[in-house]
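Here's run.txt, which has compact mmCIF, C-alpha atoms:
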# COMPACT_ATOMS: atom_id res chain seq x y z
CA GLN A 275 82.44 69.35 110.14
CA PHE A 276 78.67 69.95 109.84
CA SER A 277 78.75 70.26 106.06
CA GLY A 278 80.12 66.75 105.49
CA GLN A 279 78.38 63.42 105.59
CA PRO A 280 75.89 63.29 108.50
CA ASP A 281 76.63 60.87 111.34
CA PHE A 282 73.22 59.31 111.93
CA TYR A 283 74.66 57.28 114.82
CA ALA A 284 76.37 60.09 116.71
CA GLU A 285 75.89 60.13 120.45
CA PRO A 286 72.92 62.13 121.78
CA TRP A 287 73.28 65.91 121.76
CA LYS A 288 75.58 65.77 118.71
CA LEU A 289 74.24 66.89 115.33
CA ARG A 290 73.21 63.90 113.24
CA ARG A 291 72.42 65.87 110.09
CA SER A 292 74.52 67.88 107.66
CA LEU A 293 74.19 71.59 107.02
CA GLU A 294 74.32 73.56 103.80
CA PRO A 295 77.17 76.07 103.41
CA LYS A 296 74.74 79.01 103.85
CA ASP A 297 73.64 77.48 107.19
CA VAL A 298 77.25 77.33 108.34
CA ASP A 299 77.67 80.96 107.22
CA LEU A 300 74.60 81.91 109.30
CA LEU A 301 76.07 80.26 112.39
CA GLU A 302 79.48 81.84 111.86
CA ASP A 303 77.87 85.27 111.49
CA TRP A 304 75.75 84.74 114.60
CA PHE A 305 78.74 83.61 116.70
CA PHE A 306 81.51 85.86 115.46
CA SER A 307 79.84 89.01 114.13
CA MET A 308 76.84 89.17 116.44
CA GLY A 309 78.44 87.68 119.56
CA GLY A 310 75.75 85.04 120.01
CA ARG A 311 72.83 87.46 120.13
CA GLY A 312 70.53 88.50 117.36
CA ALA A 313 68.15 87.68 114.57
CA GLN A 314 69.10 85.80 111.45
CA PRO A 315 67.04 85.26 108.30
CA SER A 316 64.87 82.18 108.43
CA ARG A 317 66.15 79.30 106.32
CA GLY A 318 62.74 79.14 104.58
CA SER A 319 61.06 76.48 106.69
CA ARG A 320 60.75 75.51 110.33
CA SER A 321 62.53 72.19 109.72
CA LYS A 322 65.58 73.98 108.29
CA ASN A 323 65.58 76.45 111.19
CA ILE A 324 65.43 73.53 113.60
CA ARG A 325 68.39 71.84 111.90
CA VAL A 326 70.47 75.03 112.24
CA SER A 327 69.34 75.30 115.87
CA ALA A 328 70.35 71.69 116.50
CA ALA A 329 73.85 72.49 115.23
CA LEU A 330 73.92 75.49 117.54
CA ILE A 331 72.82 73.37 120.51
CA SER A 332 75.54 70.85 119.69
CA ILE A 333 78.21 73.58 119.57
CA ILE A 334 77.02 75.32 122.76
CA GLY A 335 76.97 71.91 124.46
CA GLU A 336 80.65 71.50 123.62
CA LEU A 337 81.39 74.94 125.07
CA TYR A 338 79.24 74.88 128.23
CA GLY A 339 78.68 71.18 128.92
CA ASP A 340 75.77 70.64 131.29
CA ARG A 341 75.78 74.30 132.34
CA PHE A 342 73.28 75.45 129.72
CA GLN A 343 69.65 74.86 128.83
CA THR A 344 67.85 75.57 125.58
CA LEU A 345 64.58 77.50 125.76
CA VAL A 346 62.41 77.45 122.61
CA LEU A 347 59.66 80.03 122.09
CA ALA A 348 56.90 79.21 119.58
CA SER A 349 53.43 80.48 120.39
CA GLN A 350 51.41 77.49 119.22
CA PRO A 351 51.47 73.85 120.41
CA GLU A 352 51.74 72.55 116.83
CA ARG A 353 54.90 74.59 116.27
CA LEU A 354 56.38 73.44 119.55
CA GLY A 355 55.63 69.86 118.52
CA GLU A 356 57.57 70.41 115.31
CA TRP A 357 60.49 71.80 117.31
CA ARG A 358 60.47 68.83 119.69
CA ARG A 359 60.29 66.24 116.91
CA GLY A 360 62.90 68.04 114.81
CA LEU A 361 65.37 68.40 117.67
CA GLN A 362 64.81 64.79 118.73
CA ASP A 363 65.66 63.66 115.20
CA ALA A 364 68.61 66.00 114.59
CA LEU A 365 70.24 65.45 118.00
CA GLY A 366 69.22 61.86 118.81
CA LEU A 367 67.18 62.89 121.84
CA SER A 368 64.26 61.27 123.64
CA ARG A 369 61.16 62.81 125.25
CA GLU A 370 62.98 62.79 128.59
CA ASP A 371 65.43 65.37 127.21
CA PHE A 372 62.60 67.93 127.15
CA GLY A 373 61.42 69.44 130.41
CA PRO A 374 62.34 71.61 133.37
CA SER A 375 65.19 69.42 134.61
CA SER A 376 66.42 68.42 131.15
CA GLY A 377 68.25 70.14 128.33
CA ILE A 378 65.39 71.68 126.33
CA MET A 379 62.24 73.47 127.44
CA LEU A 380 59.43 74.52 125.10
CA PHE A 381 57.36 77.66 125.72
CA GLU A 382 54.27 79.21 124.18
CA ARG A 383 54.73 82.54 126.00
CA ALA A 384 57.71 84.85 126.34
CA ASP A 385 57.15 85.49 130.05
CA GLY A 386 57.81 81.80 130.80
CA VAL A 387 61.06 81.96 128.84
CA ILE A 388 62.13 85.11 130.68
CA ASP A 389 61.35 83.63 134.12
CA ARG A 390 63.21 80.39 133.35
CA ALA A 391 66.21 82.21 131.85
CA ASP A 392 66.44 84.43 134.94
CA ARG A 393 66.42 81.36 137.20
CA LEU A 394 69.09 79.64 135.11
CA GLU A 395 71.36 82.68 135.31
CA ASP A 396 70.80 82.88 139.09
CA GLN A 397 72.01 79.25 139.28
CA GLY A 398 75.13 80.06 137.26
CA GLU A 399 73.87 78.39 134.10
CA MET A 400 73.58 79.73 130.56
CA PRO A 401 70.21 79.93 128.81
CA LEU A 402 70.14 79.61 125.02
CA ILE A 403 66.91 81.14 123.70
CA LEU A 404 65.60 80.13 120.26
CA ILE A 405 62.69 82.09 118.80
CA ASP A 406 60.55 80.59 116.05
CA ALA A 407 60.23 82.52 112.78
CA ALA A 408 56.45 82.71 113.19
CA GLU A 409 56.80 84.95 116.26
CA GLN A 410 55.89 88.41 115.01
CA ASN A 411 56.94 90.25 118.17
CA VAL A 412 59.89 89.70 120.47
CA GLU A 413 59.54 90.82 124.07
CA ILE A 414 62.28 93.30 124.98
CA PRO A 415 63.34 91.44 128.19
CA LEU A 416 64.35 88.44 126.03
CA LEU A 417 67.10 90.58 124.53
CA GLN A 418 68.93 90.95 127.86
CA PHE A 419 70.23 87.39 127.83
CA PRO A 420 73.68 86.59 126.43
CA LEU A 421 72.67 83.84 123.96
CA TRP A 422 69.58 84.17 121.79
CA LEU A 423 68.70 83.52 118.18
CA ALA A 424 65.49 84.75 116.58
CA PHE A 425 64.65 83.54 113.10
CA ALA A 426 63.27 86.39 111.00
CA ALA A 427 60.66 85.10 108.58
CA SER A 428 60.51 86.33 105.02
CA PRO A 429 57.24 87.97 103.89
CA GLU A 430 56.38 84.78 102.01
CA GLU A 431 56.82 82.68 105.16
CA MET A 432 54.65 85.04 107.18
CA TYR A 433 51.93 84.80 104.53
CA GLU A 434 52.12 80.98 104.58
CA GLU A 435 51.86 80.95 108.39
CA GLU A 436 48.77 83.16 108.26
CA GLU A 437 47.16 80.86 105.70
CA GLU A 438 47.84 77.81 107.87
CA GLU A 439 46.28 79.53 110.90
CA LEU A 440 43.13 80.30 108.91
CA LEU A 441 42.74 76.66 107.89
Entire entry expressed as structure tokens:
Amino acid sequence: QFSGQPDFYAEPWKLRRSLEPKDVDLLEDWFFSMGGRGAQPSRGSRSKNIRVSAALISIIGELYGDRFQTLVLASQPERLGEWRRGLQDALGLSREDFGPSSGIMLFERADGVIDRADRLEDQGEMPLILIDAAEQNVEIPLLQFPLWLAFAASPEEMYEEEEEELL
């Protein structure tokens, strides 16, 4: 369904963009081979990773309804801004959909993600943790949660990120 013509007018929280076949393969591998936990190769850019993540959010939303929240970890405000704008575009969301009582929360530090995910589980909800490809280290406690996807950057991407930080 995601590889066909995008539905730019889909209701909010539904993917409004199409995916390439290799993106669909990534999601299938993550769901069926990895059981919804693990790292996958970055798609080459943050915007492509966000589009894959938007598809994942749409699918998880179908499975869990309102009983899940997405937690995005990207250690710089600029990166979090890209995530917010990209998810808004790909899922038809508004600013109100981002925040502690909404569907998506953005974090610069892993300890905030861990605290929030623990609270969600205590409330019987499911956290979905997305980790930006620019994160060079993943805190071990993040790996305890049932749904997480870390994008593993290629060496070229890591080099580009370092150049951007220097500028």
Residues within 12 Å of stretch 289-298 of chain A, please, as a compact mmCIF listing (two decimals) with C-alpha atoms, keeping the file's coordinate frame. Count only C-alpha atoms; anything in the same chain fewer than 3 positions from it doesn't count.
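Output file out-v4.txt is given in full below:
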# COMPACT_ATOMS: atom_id res chain seq x y z
CA GLN A 275 82.44 69.35 110.14
CA PHE A 276 78.67 69.95 109.84
CA SER A 277 78.75 70.26 106.06
CA GLY A 278 80.12 66.75 105.49
CA GLN A 279 78.38 63.42 105.59
CA PRO A 280 75.89 63.29 108.50
CA ASP A 281 76.63 60.87 111.34
CA PHE A 282 73.22 59.31 111.93
CA TYR A 283 74.66 57.28 114.82
CA ALA A 284 76.37 60.09 116.71
CA GLU A 285 75.89 60.13 120.45
CA PRO A 286 72.92 62.13 121.78
CA LEU A 301 76.07 80.26 112.39
CA GLU A 302 79.48 81.84 111.86
CA ASP A 303 77.87 85.27 111.49
CA TRP A 304 75.75 84.74 114.60
CA PHE A 305 78.74 83.61 116.70
CA PHE A 306 81.51 85.86 115.46
CA GLN A 314 69.10 85.80 111.45
CA PRO A 315 67.04 85.26 108.30
CA SER A 316 64.87 82.18 108.43
CA ARG A 317 66.15 79.30 106.32
CA GLY A 318 62.74 79.14 104.58
CA SER A 321 62.53 72.19 109.72
CA LYS A 322 65.58 73.98 108.29
CA ASN A 323 65.58 76.45 111.19
CA ILE A 324 65.43 73.53 113.60
CA ARG A 325 68.39 71.84 111.90
CA VAL A 326 70.47 75.03 112.24
CA SER A 327 69.34 75.30 115.87
CA ALA A 328 70.35 71.69 116.50
CA ALA A 329 73.85 72.49 115.23
CA LEU A 330 73.92 75.49 117.54
CA ILE A 331 72.82 73.37 120.51
CA SER A 332 75.54 70.85 119.69
CA ILE A 333 78.21 73.58 119.57
CA ILE A 334 77.02 75.32 122.76
CA GLY A 335 76.97 71.91 124.46
CA GLU A 336 80.65 71.50 123.62
CA GLY A 360 62.90 68.04 114.81
CA LEU A 361 65.37 68.40 117.67
CA GLN A 362 64.81 64.79 118.73
CA ASP A 363 65.66 63.66 115.20
CA ALA A 364 68.61 66.00 114.59
CA LEU A 365 70.24 65.45 118.00
CA GLY A 366 69.22 61.86 118.81
CA LEU A 367 67.18 62.89 121.84
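Comparing A:Arg359, A:Arg311, A:Lys288, A:Arg320 by their smallest distance to A:Ala424, the closest is A:Arg311 (using all atoms listed in the file).
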### Message
I'd like the contact shell of stretch 343-352 of chain A - 7 Å cut-off, only C-alpha atoms, skipping same-chain residues fewer than 4 positions apart - returned as a ChimeraX atom specification.
### Response
/A:356,377-384,387,400-406,409
### Task
Take atom CA of A:Phe342 and atom CA of A:Leu417 and report the distance between them in Å, one decimal.
17.1 Å
### Task
Tell me which of A:Leu354, A:Leu394, A:Ile388, A:Leu300 sits closest to A:Phe425, counting only C-alpha atoms.
A:Leu300
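One finds atom CA of A:Leu337 at 26.5 Å from atom CA of A:Val412.
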### Task
Could you jot down the atom CA of A:Asp371 to atom CA of A:Arg353 separation for me, Å, one decimal place?
17.8 Å
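Nearest residue to A:Gln397 among A:Leu421, A:Glu430, A:Arg341, A:Gly309 is A:Arg341, counting only C-alpha atoms.
With distances taken over all atoms listed in the file, A:Gly386 is the one residue among A:Gly339, A:Gly355, A:Gly386, A:Pro374 lying closest to A:Glu413.
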Could you get me a file of stretch 374-423 of chain A with N, CA and C atoms, as a compact mmCIF listing (two decimals), in the first residue's frame, taken from the block above?
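So the final result, stored in selection-v1.txt, reads:
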# COMPACT_ATOMS: atom_id res chain seq x y z
N PRO A 374 3.81 16.30 25.52
CA PRO A 374 3.65 15.24 26.51
C PRO A 374 2.29 14.55 26.52
N SER A 375 1.24 15.24 26.12
CA SER A 375 -0.08 14.61 26.13
C SER A 375 -0.55 14.30 24.71
N SER A 376 0.36 14.36 23.76
CA SER A 376 0.02 14.11 22.36
C SER A 376 0.74 12.85 21.87
N GLY A 377 0.74 12.65 20.59
CA GLY A 377 1.26 11.41 20.03
C GLY A 377 2.76 11.32 19.88
N ILE A 378 3.47 12.46 19.75
CA ILE A 378 4.90 12.42 19.49
C ILE A 378 5.62 13.38 20.43
N MET A 379 6.68 12.87 21.05
CA MET A 379 7.53 13.71 21.90
C MET A 379 8.94 13.68 21.34
N LEU A 380 9.60 14.83 21.39
CA LEU A 380 10.95 14.99 20.87
C LEU A 380 11.92 15.20 22.03
N PHE A 381 13.06 14.49 21.98
CA PHE A 381 14.02 14.54 23.08
C PHE A 381 15.43 14.76 22.56
N GLU A 382 16.20 15.57 23.30
CA GLU A 382 17.61 15.76 23.01
C GLU A 382 18.49 14.81 23.81
N ARG A 383 17.94 14.22 24.88
CA ARG A 383 18.73 13.36 25.77
C ARG A 383 18.03 12.02 25.99
N ALA A 384 18.84 10.98 26.05
CA ALA A 384 18.29 9.62 26.21
C ALA A 384 17.59 9.44 27.55
N ASP A 385 18.07 10.09 28.60
CA ASP A 385 17.44 9.88 29.91
C ASP A 385 15.99 10.35 29.92
N GLY A 386 15.67 11.40 29.18
CA GLY A 386 14.28 11.84 29.06
C GLY A 386 13.41 10.81 28.35
N VAL A 387 13.97 10.19 27.31
CA VAL A 387 13.25 9.15 26.58
C VAL A 387 12.98 7.96 27.51
N ILE A 388 14.00 7.56 28.25
CA ILE A 388 13.88 6.41 29.14
C ILE A 388 12.82 6.67 30.22
N ASP A 389 12.87 7.85 30.83
CA ASP A 389 11.88 8.20 31.87
C ASP A 389 10.46 8.17 31.30
N ARG A 390 10.27 8.79 30.14
CA ARG A 390 8.93 8.86 29.53
C ARG A 390 8.45 7.46 29.13
N ALA A 391 9.33 6.66 28.55
CA ALA A 391 8.95 5.30 28.13
C ALA A 391 8.56 4.46 29.35
N ASP A 392 9.30 4.60 30.45
CA ASP A 392 8.94 3.88 31.68
C ASP A 392 7.54 4.28 32.15
N ARG A 393 7.26 5.58 32.14
CA ARG A 393 5.94 6.06 32.58
C ARG A 393 4.84 5.53 31.67
N LEU A 394 5.08 5.53 30.37
CA LEU A 394 4.08 5.03 29.43
C LEU A 394 3.78 3.55 29.70
N GLU A 395 4.83 2.76 29.91
CA GLU A 395 4.61 1.34 30.19
C GLU A 395 3.85 1.15 31.49
N ASP A 396 4.16 1.97 32.51
CA ASP A 396 3.44 1.89 33.78
C ASP A 396 1.95 2.18 33.60
N GLN A 397 1.61 3.01 32.61
CA GLN A 397 0.22 3.36 32.33
C GLN A 397 -0.43 2.39 31.35
N GLY A 398 0.28 1.33 30.98
CA GLY A 398 -0.27 0.34 30.06
C GLY A 398 -0.22 0.75 28.61
N GLU A 399 0.63 1.71 28.29
CA GLU A 399 0.77 2.17 26.91
C GLU A 399 2.08 1.66 26.32
N MET A 400 2.21 1.79 25.00
CA MET A 400 3.38 1.28 24.29
C MET A 400 4.21 2.44 23.75
N PRO A 401 5.46 2.56 24.21
CA PRO A 401 6.34 3.57 23.61
C PRO A 401 6.99 3.03 22.33
N LEU A 402 7.06 3.86 21.32
CA LEU A 402 7.81 3.58 20.10
C LEU A 402 8.97 4.57 20.09
N ILE A 403 10.19 4.07 20.18
CA ILE A 403 11.37 4.93 20.26
C ILE A 403 12.07 4.94 18.91
N LEU A 404 12.29 6.15 18.37
CA LEU A 404 13.00 6.35 17.11
C LEU A 404 14.29 7.09 17.41
N ILE A 405 15.41 6.57 16.93
CA ILE A 405 16.71 7.16 17.23
C ILE A 405 17.35 7.63 15.93
N ASP A 406 17.65 8.93 15.89
CA ASP A 406 18.23 9.57 14.71
C ASP A 406 19.57 8.95 14.35
N ALA A 407 19.87 8.93 13.06
CA ALA A 407 21.12 8.33 12.58
C ALA A 407 22.36 9.06 13.07
N ALA A 408 22.23 10.32 13.46
CA ALA A 408 23.38 11.09 13.92
C ALA A 408 23.79 10.74 15.35
N GLU A 409 22.97 9.97 16.05
CA GLU A 409 23.31 9.56 17.42
C GLU A 409 24.42 8.51 17.33
N GLN A 410 25.55 8.82 17.89
CA GLN A 410 26.70 7.91 17.80
C GLN A 410 26.68 6.84 18.87
N ASN A 411 25.99 7.09 19.97
CA ASN A 411 25.89 6.13 21.06
C ASN A 411 24.43 5.94 21.44
N VAL A 412 24.08 4.71 21.76
CA VAL A 412 22.73 4.42 22.22
C VAL A 412 22.83 3.93 23.66
N GLU A 413 22.10 4.59 24.53
CA GLU A 413 22.11 4.19 25.94
C GLU A 413 21.48 2.80 26.09
N ILE A 414 22.13 1.94 26.83
CA ILE A 414 21.68 0.56 27.02
C ILE A 414 20.24 0.48 27.53
N PRO A 415 19.80 1.32 28.48
CA PRO A 415 18.41 1.20 28.96
C PRO A 415 17.36 1.41 27.86
N LEU A 416 17.70 2.08 26.77
CA LEU A 416 16.75 2.25 25.67
C LEU A 416 16.39 0.90 25.04
N LEU A 417 17.31 -0.04 25.12
CA LEU A 417 17.14 -1.32 24.45
C LEU A 417 16.19 -2.26 25.18
N GLN A 418 15.74 -1.88 26.37
CA GLN A 418 14.81 -2.73 27.14
C GLN A 418 13.38 -2.64 26.64
N PHE A 419 13.06 -1.60 25.88
CA PHE A 419 11.68 -1.38 25.48
C PHE A 419 11.32 -2.23 24.27
N PRO A 420 10.04 -2.60 24.14
CA PRO A 420 9.65 -3.55 23.10
C PRO A 420 9.67 -3.01 21.67
N LEU A 421 9.53 -1.72 21.47
CA LEU A 421 9.52 -1.16 20.12
C LEU A 421 10.53 -0.02 20.01
N TRP A 422 11.61 -0.26 19.28
CA TRP A 422 12.57 0.81 19.03
C TRP A 422 13.27 0.57 17.70
N LEU A 423 13.56 1.68 17.04
CA LEU A 423 14.26 1.65 15.76
C LEU A 423 15.35 2.70 15.79
